[in-house]
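A.B. asks: So here's entry.pdb (PDB, C-alpha atoms).
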ATOM      1  CA  MET H  17      70.312  -7.707 -24.206
ATOM      2  CA  LYS H  18      68.235  -5.189 -22.303
ATOM      3  CA  LYS H  19      64.454  -5.196 -22.566
ATOM      4  CA  SER H  20      64.469  -1.765 -24.264
ATOM      5  CA  GLU H  21      66.927  -3.016 -26.924
ATOM      6  CA  LEU H  22      64.807  -6.099 -27.561
ATOM      7  CA  THR H  23      61.651  -3.983 -27.834
ATOM      8  CA  LYS H  24      63.361  -1.711 -30.373
ATOM      9  CA  LEU H  25      64.572  -4.735 -32.370
ATOM     10  CA  ILE H  26      61.067  -6.240 -32.433
ATOM     11  CA  ASN H  27      59.501  -2.921 -33.458
ATOM     12  CA  VAL H  28      61.894  -2.564 -36.393
ATOM     13  CA  ALA H  29      61.290  -6.182 -37.409
ATOM     14  CA  ALA H  30      57.537  -5.546 -37.367
ATOM     15  CA  GLY H  31      57.909  -2.328 -39.372
ATOM     16  CA  ARG H  32      56.684  -0.091 -36.555
ATOM     17  CA  GLU H  33      60.034   1.740 -36.298
ATOM     18  CA  VAL H  34      62.607   2.797 -38.859
ATOM     19  CA  ALA H  35      65.840   0.791 -39.099
ATOM     20  CA  ASP H  36      69.275   2.408 -38.934
ATOM     21  CA  LEU H  37      70.255   0.779 -42.230
ATOM     22  CA  VAL H  38      68.355  -1.138 -44.885
ATOM     23  CA  LEU H  39      70.215  -3.180 -47.477
ATOM     24  CA  LYS H  40      67.820  -3.393 -50.440
ATOM     25  CA  ASN H  41      67.686  -5.996 -53.208
ATOM     26  CA  GLY H  42      70.171  -8.379 -51.645
ATOM     27  CA  LYS H  43      70.741 -12.073 -52.083
ATOM     28  CA  ILE H  44      70.399 -13.808 -48.730
ATOM     29  CA  ILE H  45      71.748 -17.317 -48.285
ATOM     30  CA  ASP H  46      69.499 -19.584 -46.230
ATOM     31  CA  VAL H  47      71.897 -22.247 -44.960
ATOM     32  CA  TYR H  48      69.083 -24.287 -43.402
ATOM     33  CA  GLN H  49      66.993 -24.573 -46.565
ATOM     34  CA  GLY H  50      69.966 -24.528 -48.930
ATOM     35  CA  SER H  51      68.449 -21.692 -50.970
ATOM     36  CA  VAL H  52      69.078 -18.116 -51.965
ATOM     37  CA  LEU H  53      66.413 -15.550 -51.113
ATOM     38  CA  HIS H  54      66.019 -12.115 -52.657
ATOM     39  CA  GLY H  55      65.044  -9.282 -50.371
ATOM     40  CA  ASP H  56      65.986  -6.573 -47.933
ATOM     41  CA  VAL H  57      67.848  -6.698 -44.621
ATOM     42  CA  ALA H  58      66.928  -4.259 -41.839
ATOM     43  CA  ILE H  59      69.656  -3.438 -39.313
ATOM     44  CA  ILE H  60      69.266  -1.629 -35.975
ATOM     45  CA  ASP H  61      72.058  -1.026 -33.440
ATOM     46  CA  GLY H  62      74.357  -3.355 -35.411
ATOM     47  CA  LYS H  63      71.904  -6.274 -35.290
ATOM     48  CA  ILE H  64      69.773  -7.781 -38.037
ATOM     49  CA  ALA H  65      66.158  -7.002 -37.178
ATOM     50  CA  GLY H  66      64.510  -8.586 -40.171
ATOM     51  CA  ILE H  67      64.729  -9.979 -43.656
ATOM     52  CA  GLY H  68      61.992  -9.361 -46.172
ATOM     53  CA  GLU H  69      60.630  -6.388 -48.052
ATOM     54  CA  ALA H  70      59.180  -2.949 -47.377
ATOM     55  CA  TYR H  71      61.582  -1.946 -44.586
ATOM     56  CA  GLU H  72      62.416   1.731 -44.200
ATOM     57  CA  GLY H  73      65.747   2.991 -42.933
ATOM     58  CA  LYS H  74      67.551   6.161 -41.954
ATOM     59  CA  GLU H  75      70.095   5.026 -44.540
ATOM     60  CA  THR H  76      69.408   2.739 -47.502
ATOM     61  CA  VAL H  77      71.906   0.962 -49.741
ATOM     62  CA  ASP H  78      70.667  -0.637 -52.956
ATOM     63  CA  LEU H  79      72.859  -3.713 -53.389
ATOM     64  CA  GLU H  80      71.620  -4.277 -56.925
ATOM     65  CA  VAL H  81      73.225  -0.984 -57.944
ATOM     66  CA  HIS H  82      76.388  -1.351 -55.838
ATOM     67  CA  CYS H  83      77.200  -5.024 -56.395
ATOM     68  CA  THR H  84      76.183  -5.853 -59.964
ATOM     69  CA  TRP H  85      79.740  -7.029 -60.635
ATOM     70  CA  PHE H  86      79.300  -9.812 -58.087
ATOM     71  CA  TYR H  87      76.421 -11.603 -59.841
TER
END
Have the structure of the file written as structure tokens, please.
C.D. replies:
Amino acid sequence: MKKSELTKLINVAAGREVADLVLKNGKIIDVYQGSVLHGDVAIIDGKIAGIGEAYEGKETVDLEVHCTWFY
């Protein structure tokens, strides 16, 4: 990964830049802790930049609305 790509990834993770895509209200499986987290996933250049809340994206998909059948 180039330094510029890493810088962009870090800036999105820190909330300083807007992500390409934000998946809102998702269920995230933490395989290390054996738990399910609720939150958002920020994606930039096809890579996950961060998991949490309050991310902004050029495109946003609310998983709670789109995947209610899955619960």
A.B. asks: As a check of understanding, name the residues that the PyMOL selection byres ((chain H and resi 53-56) around 12) selects in the supplied structure, as an MDAnalysis selection string.
C.D. replies: chainID H and resid 29 35 37:52 57:59 64:73 76:80
A.B. asks: Can you measure CA of Val81 (chain H) to CA of Leu25 (chain H) for me? One decimal in Å is fine.
C.D. replies: 27.3 Å
A.B. asks: Quick check, in Å to one decimal: how far apart do CA of Glu75 (chain H) and CA of Lys24 (chain H) lie?
C.D. replies: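 These atoms are spaced 17.1 Å apart.
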A.B. asks: Could you check the closest approach to Gly62 (chain H) for each of H:Asp36, H:Lys74, H:Met17, H:Ile26 and tell me which residue wins, using only C-alpha atoms?
C.D. replies: H:Asp36
A.B. asks: Quick one: region 38-60 of chain H with N, CA and C atoms, as a PDB file, in the coordinates of the input?
C.D. replies:
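Contents of out-v9.pdb, as written:
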ATOM      1  N   VAL H  38      69.051  -0.108 -44.127  1.00  0.00           N
ATOM      2  CA  VAL H  38      68.355  -1.138 -44.885  1.00  0.00           C
ATOM      3  C   VAL H  38      69.182  -1.453 -46.128  1.00  0.00           C
ATOM      4  N   LEU H  39      69.526  -2.705 -46.283  1.00  0.00           N
ATOM      5  CA  LEU H  39      70.215  -3.180 -47.477  1.00  0.00           C
ATOM      6  C   LEU H  39      69.142  -3.730 -48.405  1.00  0.00           C
ATOM      7  N   LYS H  40      68.898  -3.038 -49.510  1.00  0.00           N
ATOM      8  CA  LYS H  40      67.820  -3.393 -50.440  1.00  0.00           C
ATOM      9  C   LYS H  40      68.331  -4.315 -51.540  1.00  0.00           C
ATOM     10  N   ASN H  41      67.432  -5.148 -52.035  1.00  0.00           N
ATOM     11  CA  ASN H  41      67.686  -5.996 -53.208  1.00  0.00           C
ATOM     12  C   ASN H  41      68.902  -6.905 -53.056  1.00  0.00           C
ATOM     13  N   GLY H  42      69.040  -7.492 -51.897  1.00  0.00           N
ATOM     14  CA  GLY H  42      70.171  -8.379 -51.645  1.00  0.00           C
ATOM     15  C   GLY H  42      69.848  -9.833 -51.935  1.00  0.00           C
ATOM     16  N   LYS H  43      70.883 -10.618 -51.999  1.00  0.00           N
ATOM     17  CA  LYS H  43      70.741 -12.073 -52.083  1.00  0.00           C
ATOM     18  C   LYS H  43      71.137 -12.622 -50.722  1.00  0.00           C
ATOM     19  N   ILE H  44      70.202 -13.312 -50.086  1.00  0.00           N
ATOM     20  CA  ILE H  44      70.399 -13.808 -48.730  1.00  0.00           C
ATOM     21  C   ILE H  44      70.497 -15.325 -48.786  1.00  0.00           C
ATOM     22  N   ILE H  45      71.540 -15.872 -48.249  1.00  0.00           N
ATOM     23  CA  ILE H  45      71.748 -17.317 -48.285  1.00  0.00           C
ATOM     24  C   ILE H  45      71.106 -17.950 -47.055  1.00  0.00           C
ATOM     25  N   ASP H  46      70.168 -18.834 -47.294  1.00  0.00           N
ATOM     26  CA  ASP H  46      69.499 -19.584 -46.230  1.00  0.00           C
ATOM     27  C   ASP H  46      70.220 -20.923 -46.096  1.00  0.00           C
ATOM     28  N   VAL H  47      71.084 -21.034 -45.109  1.00  0.00           N
ATOM     29  CA  VAL H  47      71.897 -22.247 -44.960  1.00  0.00           C
ATOM     30  C   VAL H  47      71.072 -23.438 -44.480  1.00  0.00           C
ATOM     31  N   TYR H  48      69.928 -23.196 -43.873  1.00  0.00           N
ATOM     32  CA  TYR H  48      69.083 -24.287 -43.402  1.00  0.00           C
ATOM     33  C   TYR H  48      68.301 -24.922 -44.542  1.00  0.00           C
ATOM     34  N   GLN H  49      67.781 -24.088 -45.434  1.00  0.00           N
ATOM     35  CA  GLN H  49      66.993 -24.573 -46.565  1.00  0.00           C
ATOM     36  C   GLN H  49      67.856 -24.865 -47.787  1.00  0.00           C
ATOM     37  N   GLY H  50      69.084 -24.344 -47.777  1.00  0.00           N
ATOM     38  CA  GLY H  50      69.966 -24.528 -48.930  1.00  0.00           C
ATOM     39  C   GLY H  50      69.486 -23.731 -50.131  1.00  0.00           C
ATOM     40  N   SER H  51      68.990 -22.512 -49.880  1.00  0.00           N
ATOM     41  CA  SER H  51      68.449 -21.692 -50.970  1.00  0.00           C
ATOM     42  C   SER H  51      68.953 -20.255 -50.862  1.00  0.00           C
ATOM     43  N   VAL H  52      68.726 -19.527 -51.936  1.00  0.00           N
ATOM     44  CA  VAL H  52      69.078 -18.116 -51.965  1.00  0.00           C
ATOM     45  C   VAL H  52      67.790 -17.320 -52.070  1.00  0.00           C
ATOM     46  N   LEU H  53      67.593 -16.401 -51.137  1.00  0.00           N
ATOM     47  CA  LEU H  53      66.413 -15.550 -51.113  1.00  0.00           C
ATOM     48  C   LEU H  53      66.779 -14.169 -51.650  1.00  0.00           C
ATOM     49  N   HIS H  54      65.824 -13.490 -52.209  1.00  0.00           N
ATOM     50  CA  HIS H  54      66.019 -12.115 -52.657  1.00  0.00           C
ATOM     51  C   HIS H  54      65.194 -11.221 -51.751  1.00  0.00           C
ATOM     52  N   GLY H  55      65.802 -10.159 -51.247  1.00  0.00           N
ATOM     53  CA  GLY H  55      65.044  -9.282 -50.371  1.00  0.00           C
ATOM     54  C   GLY H  55      65.902  -8.228 -49.718  1.00  0.00           C
ATOM     55  N   ASP H  56      65.348  -7.655 -48.668  1.00  0.00           N
ATOM     56  CA  ASP H  56      65.986  -6.573 -47.933  1.00  0.00           C
ATOM     57  C   ASP H  56      66.381  -7.047 -46.537  1.00  0.00           C
ATOM     58  N   VAL H  57      67.402  -6.402 -45.982  1.00  0.00           N
ATOM     59  CA  VAL H  57      67.848  -6.698 -44.621  1.00  0.00           C
ATOM     60  C   VAL H  57      67.790  -5.401 -43.820  1.00  0.00           C
ATOM     61  N   ALA H  58      67.045  -5.428 -42.722  1.00  0.00           N
ATOM     62  CA  ALA H  58      66.928  -4.259 -41.839  1.00  0.00           C
ATOM     63  C   ALA H  58      67.877  -4.434 -40.659  1.00  0.00           C
ATOM     64  N   ILE H  59      68.659  -3.390 -40.382  1.00  0.00           N
ATOM     65  CA  ILE H  59      69.656  -3.438 -39.313  1.00  0.00           C
ATOM     66  C   ILE H  59      69.404  -2.293 -38.336  1.00  0.00           C
ATOM     67  N   ILE H  60      69.421  -2.627 -37.039  1.00  0.00           N
ATOM     68  CA  ILE H  60      69.266  -1.629 -35.975  1.00  0.00           C
ATOM     69  C   ILE H  60      70.306  -1.909 -34.893  1.00  0.00           C
TER      70      ILE H  60
END
